[in-house]
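Have a look at structure-v3.pdb below; it lists PDB, C-alpha atoms.
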ATOM      1  CA  MET A 247     137.507 -18.692 -21.518
ATOM      2  CA  LYS A 248     138.561 -16.632 -18.520
ATOM      3  CA  LYS A 249     139.334 -12.999 -19.202
ATOM      4  CA  LEU A 250     142.995 -12.278 -18.453
ATOM      5  CA  LEU A 251     144.074  -9.178 -16.547
ATOM      6  CA  SER A 252     147.516  -7.794 -15.832
ATOM      7  CA  VAL A 253     148.392  -7.335 -12.182
ATOM      8  CA  LEU A 254     151.598  -5.859 -10.793
ATOM      9  CA  LEU A 255     153.110  -8.441  -8.489
ATOM     10  CA  PHE A 256     156.628  -8.191  -7.045
ATOM     11  CA  GLY A 257     157.460  -5.508  -9.594
ATOM     12  CA  LEU A 258     156.338  -7.577 -12.599
ATOM     13  CA  TRP A 259     153.171  -7.322 -14.646
ATOM     14  CA  LEU A 260     151.740 -10.813 -14.687
ATOM     15  CA  PRO A 261     148.613 -12.077 -16.430
ATOM     16  CA  VAL A 262     146.063 -13.527 -14.012
ATOM     17  CA  SER A 263     142.530 -14.704 -14.520
ATOM     18  CA  ALA A 264     139.645 -12.404 -13.642
ATOM     19  CA  GLN A 265     138.707 -14.938 -10.995
ATOM     20  CA  ASP A 266     142.127 -14.774  -9.328
ATOM     21  CA  ALA A 267     142.744 -11.036  -9.658
ATOM     22  CA  PRO A 268     140.774 -10.016  -6.525
ATOM     23  CA  ASN A 269     142.795 -12.421  -4.389
ATOM     24  CA  VAL A 270     146.055 -11.122  -5.834
ATOM     25  CA  LEU A 271     145.037  -7.517  -5.192
ATOM     26  CA  PHE A 272     143.930  -8.381  -1.666
ATOM     27  CA  GLN A 273     147.302  -9.954  -0.938
ATOM     28  CA  GLN A 274     149.055  -6.936  -2.411
ATOM     29  CA  GLY A 275     147.102  -4.716  -0.050
ATOM     30  CA  VAL A 276     147.991  -6.855   2.946
ATOM     31  CA  ASP A 277     151.661  -7.168   2.007
ATOM     32  CA  ALA A 278     152.029  -3.420   1.446
ATOM     33  CA  PHE A 279     150.434  -2.733   4.828
ATOM     34  CA  PHE A 280     152.773  -5.097   6.635
ATOM     35  CA  ALA A 281     155.655  -3.356   4.861
ATOM     36  CA  ALA A 282     154.390  -0.113   6.477
ATOM     37  CA  LYS A 283     153.387   1.263   3.058
ATOM     38  CA  ALA A 284     149.880   2.375   3.921
ATOM     39  CA  LYS A 285     149.163   4.440   0.807
ATOM     40  CA  GLU A 286     150.266   1.621  -1.492
ATOM     41  CA  SER A 287     148.079  -0.742   0.515
ATOM     42  CA  VAL A 288     145.049   1.503   0.084
ATOM     43  CA  ALA A 289     145.722   1.706  -3.655
ATOM     44  CA  ALA A 290     145.685  -2.091  -3.951
ATOM     45  CA  PHE A 291     142.471  -2.401  -1.957
ATOM     46  CA  ASP A 292     140.876   0.333  -4.074
ATOM     47  CA  LYS A 293     141.753  -1.594  -7.238
ATOM     48  CA  LEU A 294     140.156  -4.650  -5.677
ATOM     49  CA  ILE A 295     136.953  -2.717  -4.968
ATOM     50  CA  ALA A 296     136.904  -1.356  -8.525
ATOM     51  CA  LEU A 297     137.144  -4.929  -9.775
ATOM     52  CA  ALA A 298     134.750  -6.449  -7.228
ATOM     53  CA  PRO A 299     132.548  -3.708  -5.676
ATOM     54  CA  ASP A 300     130.688  -6.174  -3.466
ATOM     55  CA  SER A 301     133.894  -6.875  -1.584
ATOM     56  CA  LYS A 302     134.061  -3.434   0.039
ATOM     57  CA  PRO A 303     131.987  -4.121   3.177
ATOM     58  CA  GLN A 304     134.269  -7.024   4.103
ATOM     59  CA  LEU A 305     137.509  -5.070   3.777
ATOM     60  CA  TRP A 306     138.206  -3.970   7.345
ATOM     61  CA  GLN A 307     141.879  -4.336   6.405
ATOM     62  CA  ARG A 308     141.430  -1.369   4.075
ATOM     63  CA  GLY A 309     140.157   0.668   7.010
ATOM     64  CA  LEU A 310     143.386   0.075   8.900
ATOM     65  CA  SER A 311     145.412   1.091   5.875
ATOM     66  CA  LEU A 312     143.370   4.266   5.453
ATOM     67  CA  TYR A 313     143.958   5.129   9.109
ATOM     68  CA  TYR A 314     147.722   4.841   8.778
ATOM     69  CA  ALA A 315     147.633   6.666   5.447
ATOM     70  CA  GLY A 316     146.032   9.590   7.295
ATOM     71  CA  ASP A 317     142.698   9.350   5.463
ATOM     72  CA  PHE A 318     140.555   9.377   8.580
ATOM     73  CA  LYS A 319     137.351  10.284   6.735
ATOM     74  CA  GLY A 320     137.838   7.347   4.376
ATOM     75  CA  GLY A 321     138.670   5.083   7.316
ATOM     76  CA  ARG A 322     135.522   6.116   9.152
ATOM     77  CA  GLU A 323     133.421   5.326   6.096
ATOM     78  CA  GLN A 324     135.080   1.932   5.646
ATOM     79  CA  PHE A 325     134.412   0.924   9.254
ATOM     80  CA  GLU A 326     130.821   2.133   8.973
ATOM     81  CA  VAL A 327     130.206  -0.041   5.931
ATOM     82  CA  HIS A 328     131.980  -2.959   7.598
ATOM     83  CA  GLN A 329     129.594  -2.596  10.543
ATOM     84  CA  THR A 330     126.761  -3.619   8.196
ATOM     85  CA  VAL A 331     128.281  -7.087   7.788
ATOM     86  CA  ASN A 332     129.983  -7.474  11.170
ATOM     87  CA  GLY A 333     127.781  -5.984  13.854
ATOM     88  CA  ASN A 334     129.274  -7.416  17.055
ATOM     89  CA  ASP A 335     132.981  -6.607  16.743
ATOM     90  CA  VAL A 336     134.476  -4.251  19.333
ATOM     91  CA  GLU A 337     137.530  -3.751  17.146
ATOM     92  CA  ASN A 338     135.424  -2.231  14.381
ATOM     93  CA  ALA A 339     133.879   0.200  16.855
ATOM     94  CA  ALA A 340     137.326   1.058  18.214
ATOM     95  CA  TRP A 341     138.826   1.817  14.793
ATOM     96  CA  HIS A 342     135.750   3.858  13.846
ATOM     97  CA  PHE A 343     136.335   5.840  17.055
ATOM     98  CA  LEU A 344     140.035   6.248  16.280
ATOM     99  CA  CYS A 345     139.375   7.639  12.815
ATOM    100  CA  ILE A 346     136.937  10.240  14.136
ATOM    101  CA  ALA A 347     139.131  11.107  17.116
ATOM    102  CA  LYS A 348     142.079  11.710  14.793
ATOM    103  CA  GLY A 349     140.082  13.465  12.084
ATOM    104  CA  GLU A 350     137.866  15.538  14.383
ATOM    105  CA  SER A 351     138.029  15.083  18.145
ATOM    106  CA  VAL A 352     137.619  12.530  20.915
ATOM    107  CA  GLU A 353     134.362  14.221  21.886
ATOM    108  CA  ALA A 354     132.992  13.821  18.352
ATOM    109  CA  ALA A 355     134.062  10.164  18.347
ATOM    110  CA  ARG A 356     132.289   9.467  21.626
ATOM    111  CA  LYS A 357     129.043  11.001  20.364
ATOM    112  CA  VAL A 358     128.766   8.378  17.624
ATOM    113  CA  PHE A 359     130.578   5.520  19.343
ATOM    114  CA  ILE A 360     129.173   2.235  18.065
ATOM    115  CA  PRO A 361     127.454   0.113  20.745
ATOM    116  CA  ILE A 362     128.551  -3.525  20.628
ATOM    117  CA  GLU A 363     127.080  -6.611  22.240
ATOM    118  CA  GLY A 364     128.195 -10.200  21.999
ATOM    119  CA  ASP A 365     131.958  -9.845  21.525
ATOM    120  CA  SER A 366     133.170 -12.333  24.131
ATOM    121  CA  ARG A 367     136.865 -12.109  23.264
ATOM    122  CA  ILE A 368     139.238 -11.095  26.034
ATOM    123  CA  PRO A 369     139.613  -8.179  26.818
ATOM    124  CA  MET A 370     137.202  -6.631  24.297
ATOM    125  CA  LYS A 371     134.435  -5.775  26.763
ATOM    126  CA  GLN A 372     136.844  -3.672  28.804
ATOM    127  CA  VAL A 373     138.355  -2.126  25.655
ATOM    128  CA  HIS A 374     134.884  -1.042  24.548
ATOM    129  CA  GLU A 375     134.168   0.479  27.951
ATOM    130  CA  LEU A 376     137.471   2.361  27.848
ATOM    131  CA  PHE A 377     136.787   3.888  24.441
ATOM    132  CA  ALA A 378     133.276   4.788  25.575
ATOM    133  CA  GLY A 379     134.748   6.783  28.456
ATOM    134  CA  LYS A 380     133.368   4.411  31.079
ATOM    135  CA  GLY A 381     136.325   2.083  31.624
ATOM    136  CA  SER A 382     139.959   2.300  32.601
ATOM    137  CA  GLU A 383     143.444   1.249  31.628
ATOM    138  CA  GLU A 384     143.621  -0.867  34.766
ATOM    139  CA  ALA A 385     140.422  -2.741  33.913
ATOM    140  CA  VAL A 386     141.717  -3.639  30.441
ATOM    141  CA  LEU A 387     145.013  -4.909  31.829
ATOM    142  CA  LYS A 388     143.331  -6.883  34.610
ATOM    143  CA  ALA A 389     140.915  -8.560  32.192
ATOM    144  CA  ALA A 390     143.807  -9.561  29.926
ATOM    145  CA  GLU A 391     145.450 -11.578  32.700
ATOM    146  CA  GLU A 392     143.374 -14.678  31.976
ATOM    147  CA  GLY A 393     144.690 -17.959  30.670
ATOM    148  CA  GLU A 394     148.256 -19.098  30.239
ATOM    149  CA  GLY A 395     150.864 -19.639  27.566
ATOM    150  CA  GLU A 396     150.019 -18.354  24.098
ATOM    151  CA  ARG A 397     146.453 -17.570  25.124
ATOM    152  CA  LEU A 398     147.634 -15.230  27.869
ATOM    153  CA  ARG A 399     150.222 -13.689  25.554
ATOM    154  CA  ASN A 400     147.511 -13.027  22.982
ATOM    155  CA  HIS A 401     145.239 -11.341  25.537
ATOM    156  CA  ARG A 402     148.106  -9.112  26.611
ATOM    157  CA  CYS A 403     148.971  -8.266  23.016
ATOM    158  CA  TYR A 404     145.413  -7.127  22.317
ATOM    159  CA  ALA A 405     145.196  -5.199  25.583
ATOM    160  CA  HIS A 406     148.385  -3.246  24.955
ATOM    161  CA  LEU A 407     147.558  -2.684  21.278
ATOM    162  CA  TYR A 408     144.239  -1.036  22.048
ATOM    163  CA  LEU A 409     145.579   0.844  25.045
ATOM    164  CA  GLY A 410     148.345   2.204  22.820
ATOM    165  CA  LEU A 411     145.874   3.250  20.158
ATOM    166  CA  TYR A 412     143.548   4.792  22.721
ATOM    167  CA  PHE A 413     146.218   6.846  24.441
ATOM    168  CA  GLU A 414     147.607   8.060  21.141
ATOM    169  CA  ALA A 415     144.143   9.213  20.095
ATOM    170  CA  THR A 416     143.593  10.959  23.416
ATOM    171  CA  GLY A 417     146.948  12.709  23.370
ATOM    172  CA  ASP A 418     149.083  10.750  25.817
ATOM    173  CA  ASP A 419     152.028   9.849  23.603
ATOM    174  CA  VAL A 420     154.150   8.517  26.467
ATOM    175  CA  LYS A 421     151.582   5.885  27.433
ATOM    176  CA  ALA A 422     150.786   5.233  23.783
ATOM    177  CA  LYS A 423     154.390   4.360  23.000
ATOM    178  CA  ALA A 424     154.864   2.241  26.130
ATOM    179  CA  HIS A 425     151.782   0.135  25.474
ATOM    180  CA  MET A 426     152.379  -0.228  21.735
ATOM    181  CA  LEU A 427     155.934  -1.429  22.268
ATOM    182  CA  LYS A 428     154.626  -4.080  24.650
ATOM    183  CA  ALA A 429     152.125  -5.223  21.994
ATOM    184  CA  ALA A 430     154.718  -5.191  19.228
ATOM    185  CA  GLN A 431     157.673  -6.638  21.138
ATOM    186  CA  ASP A 432     157.092  -7.996  24.647
ATOM    187  CA  PHE A 433     153.847  -9.792  23.742
ATOM    188  CA  SER A 434     154.198  -9.919  19.966
ATOM    189  CA  MET A 435     151.856 -12.162  17.993
ATOM    190  CA  ASP A 436     152.052 -13.143  14.338
ATOM    191  CA  HIS A 437     148.373 -12.695  13.486
ATOM    192  CA  TYR A 438     146.985  -9.651  11.665
ATOM    193  CA  MET A 439     146.351  -7.459  14.691
ATOM    194  CA  GLY A 440     149.595  -8.475  16.329
ATOM    195  CA  ARG A 441     151.382  -7.303  13.213
ATOM    196  CA  VAL A 442     149.381  -4.061  13.267
ATOM    197  CA  ALA A 443     151.226  -3.207  16.475
ATOM    198  CA  GLN A 444     154.520  -3.863  14.710
ATOM    199  CA  VAL A 445     153.499  -1.687  11.768
ATOM    200  CA  HIS A 446     152.439   1.048  14.174
ATOM    201  CA  VAL A 447     155.804   1.259  15.922
ATOM    202  CA  LYS A 448     157.592   1.196  12.570
ATOM    203  CA  ILE A 449     155.497   4.017  11.117
ATOM    204  CA  ARG A 450     155.908   6.088  14.278
ATOM    205  CA  GLY A 451     159.644   5.408  14.386
ATOM    206  CA  TRP A 452     159.412   3.776  17.806
ATOM    207  CA  ASP A 453     161.303   0.656  16.733
ATOM    208  CA  LYS A 454     164.641   2.465  16.517
TER     209      LYS A 454
END
Turn this file's structure into structure tokens for me.
Amino acid sequence: MKKLLSVLLFGLWLPVSAQDAPNVLFQQGVDAFFAAKAKESVAAFDKLIALAPDSKPQLWQRGLSLYYAGDFKGGREQFEVHQTVNGNDVENAAWHFLCIAKGESVEAARKVFIPIEGDSRIPMKQVHELFAGKGSEEAVLKAAEEGEGERLRNHRCYAHLYLGLYFEATGDDVKAKAHMLKAAQDFSMDHYMGRVAQVHVKIRGWDK
């Protein structure tokens, strides 16, 4: 017989099987994040890890929630452990950088910036070079102008998302806001990272 646990879902304590509980907690974490409730999202992910410790390395979503909750040390650690199971993802390196830049300094982040090879997604190569201090805003935007239709829109969304994050971390709030609004509104996408841009502008109060 499956052990039954109680999980708070939509304000109600519902019994779920031990097998289903991790999925419910994961969804709670995601839903809270998209509702711009970063601390509540972290709490759900932490309950998931307590229930299923082996899940932690996979939970890059928790790292995003920690970043927006202001726990930059915790975010850094989450992205470092995620690197052990996902070694060729520029986004993981970028968020690791962002946590250190916010928690310490851009210089400290650059000293331990994670080298990445093999991420062929557009415009991730140029994003990585930018965060490493070797690229430029112009190069990211130029690289994103490939494809057409939804593919082009997606490239632009990613470009403006990471430019917004980069400029916020490096202290240029004007450029940060301009790029993030483009990612969240002009080139909005309904996938996880597209919705991160929307959460970002909501948390910062830029959607008003």
Closest atom pairs, residues of range 406-434 of chain A within 12 Å of range 356-370 of chain A, all atoms listed in the file, as JSON lines:
{"residue": "A:His406", "atom": "CA", "partner": "A:Pro369", "partner_atom": "CA", "distance": 10.2}
{"residue": "A:Leu407", "atom": "CA", "partner": "A:Pro369", "partner_atom": "CA", "distance": 11.1}
{"residue": "A:Tyr408", "atom": "CA", "partner": "A:Met370", "partner_atom": "CA", "distance": 9.3}
{"residue": "A:Leu409", "atom": "CA", "partner": "A:Pro369", "partner_atom": "CA", "distance": 11.0}
{"residue": "A:Ala415", "atom": "CA", "partner": "A:Arg356", "partner_atom": "CA", "distance": 12.0}
{"residue": "A:Thr416", "atom": "CA", "partner": "A:Arg356", "partner_atom": "CA", "distance": 11.5}
From A:Phe413, A:Phe433, A:Val288, A:Asp335, residue lying nearest Ala390 in chain A [all atoms listed in the file]:
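Among the listed residues, the smallest separation from Ala390 in chain A belongs to A:Phe433.
Of the residues under consideration (A:Ile449, A:Ala378, A:Met435, A:Ala347), A:Ala347 shows the shortest atom-to-atom contact distance to Glu414 in chain A when counting only C-alpha atoms.
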Just so the selection is clear, what residues does the PyMOL selection byres ((chain A and resi 305-313) around 9) cover here, as an MDAnalysis selection string?
chainID A and resid 275:276 279 283:288 291:292 301:304 314:325 328 338 341:342 344:345 348 442
Once you have the residues from the selection above, write them out as a PDB file, keeping the file's coordinate frame, restricted to C-alpha atoms.
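selection21.pdb was written with the following content:
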ATOM      1  CA  GLY A 275     147.102  -4.716  -0.050  1.00  0.00           C
ATOM      2  CA  VAL A 276     147.991  -6.855   2.946  1.00  0.00           C
ATOM      3  CA  PHE A 279     150.434  -2.733   4.828  1.00  0.00           C
ATOM      4  CA  LYS A 283     153.387   1.263   3.058  1.00  0.00           C
ATOM      5  CA  ALA A 284     149.880   2.375   3.921  1.00  0.00           C
ATOM      6  CA  LYS A 285     149.163   4.440   0.807  1.00  0.00           C
ATOM      7  CA  GLU A 286     150.266   1.621  -1.492  1.00  0.00           C
ATOM      8  CA  SER A 287     148.079  -0.742   0.515  1.00  0.00           C
ATOM      9  CA  VAL A 288     145.049   1.503   0.084  1.00  0.00           C
ATOM     10  CA  PHE A 291     142.471  -2.401  -1.957  1.00  0.00           C
ATOM     11  CA  ASP A 292     140.876   0.333  -4.074  1.00  0.00           C
ATOM     12  CA  SER A 301     133.894  -6.875  -1.584  1.00  0.00           C
ATOM     13  CA  LYS A 302     134.061  -3.434   0.039  1.00  0.00           C
ATOM     14  CA  PRO A 303     131.987  -4.121   3.177  1.00  0.00           C
ATOM     15  CA  GLN A 304     134.269  -7.024   4.103  1.00  0.00           C
ATOM     16  CA  TYR A 314     147.722   4.841   8.778  1.00  0.00           C
ATOM     17  CA  ALA A 315     147.633   6.666   5.447  1.00  0.00           C
ATOM     18  CA  GLY A 316     146.032   9.590   7.295  1.00  0.00           C
ATOM     19  CA  ASP A 317     142.698   9.350   5.463  1.00  0.00           C
ATOM     20  CA  PHE A 318     140.555   9.377   8.580  1.00  0.00           C
ATOM     21  CA  LYS A 319     137.351  10.284   6.735  1.00  0.00           C
ATOM     22  CA  GLY A 320     137.838   7.347   4.376  1.00  0.00           C
ATOM     23  CA  GLY A 321     138.670   5.083   7.316  1.00  0.00           C
ATOM     24  CA  ARG A 322     135.522   6.116   9.152  1.00  0.00           C
ATOM     25  CA  GLU A 323     133.421   5.326   6.096  1.00  0.00           C
ATOM     26  CA  GLN A 324     135.080   1.932   5.646  1.00  0.00           C
ATOM     27  CA  PHE A 325     134.412   0.924   9.254  1.00  0.00           C
ATOM     28  CA  HIS A 328     131.980  -2.959   7.598  1.00  0.00           C
ATOM     29  CA  ASN A 338     135.424  -2.231  14.381  1.00  0.00           C
ATOM     30  CA  TRP A 341     138.826   1.817  14.793  1.00  0.00           C
ATOM     31  CA  HIS A 342     135.750   3.858  13.846  1.00  0.00           C
ATOM     32  CA  LEU A 344     140.035   6.248  16.280  1.00  0.00           C
ATOM     33  CA  CYS A 345     139.375   7.639  12.815  1.00  0.00           C
ATOM     34  CA  LYS A 348     142.079  11.710  14.793  1.00  0.00           C
ATOM     35  CA  VAL A 442     149.381  -4.061  13.267  1.00  0.00           C
TER      36      VAL A 442
END
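As for CA of His425 in chain A and CA of Glu353 in chain A, they are spaced 22.7 Å apart.
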So the first atom is CA of Gly393 in chain A and the second is CA of Ala405 in chain A; what is the distance between them in Å, to one decimal place?
13.7 Å
By how many Å are CA of His446 in chain A and CA of Ala430 in chain A apart?
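Separating CA of His446 in chain A from CA of Ala430 in chain A is a distance of 8.3 Å.
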Starting from the PyMOL selection byres ((chain A and resi 440) around 12), expand the selection into actual residues of this file and give them as an MDAnalysis selection string.
chainID A and resid 280 399:408 426:439 441:447
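Comparing the minimum interatomic distances between Lys423 in chain A and each of A:Leu294, A:Val386, A:Val270, A:Leu411, counting all atoms listed in the file, we find that A:Leu411 sits nearest.
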Find the spatial neighbours of Phe377 in chain A, counting all atoms listed in the file, within a cut-off of 7 Å - ignore same-chain residues fewer than 3 positions away - and output them as a ChimeraX atom specification.
/A:340,373-374
Take the residues from that selection and put them in a file with C-alpha atoms, as a PDB file, keeping the file's coordinate frame.
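The file below, selection_18.pdb, is the result:
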ATOM      1  CA  ALA A 340     137.326   1.058  18.214  1.00  0.00           C
ATOM      2  CA  VAL A 373     138.355  -2.126  25.655  1.00  0.00           C
ATOM      3  CA  HIS A 374     134.884  -1.042  24.548  1.00  0.00           C
TER       4      HIS A 374
END
Between A:Ala298, A:Ala424, A:Leu398, A:Leu376, which one has atoms that come closest to Tyr412 in chain A, using only C-alpha atoms?
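Closest residue, counting only C-alpha atoms: A:Leu376.
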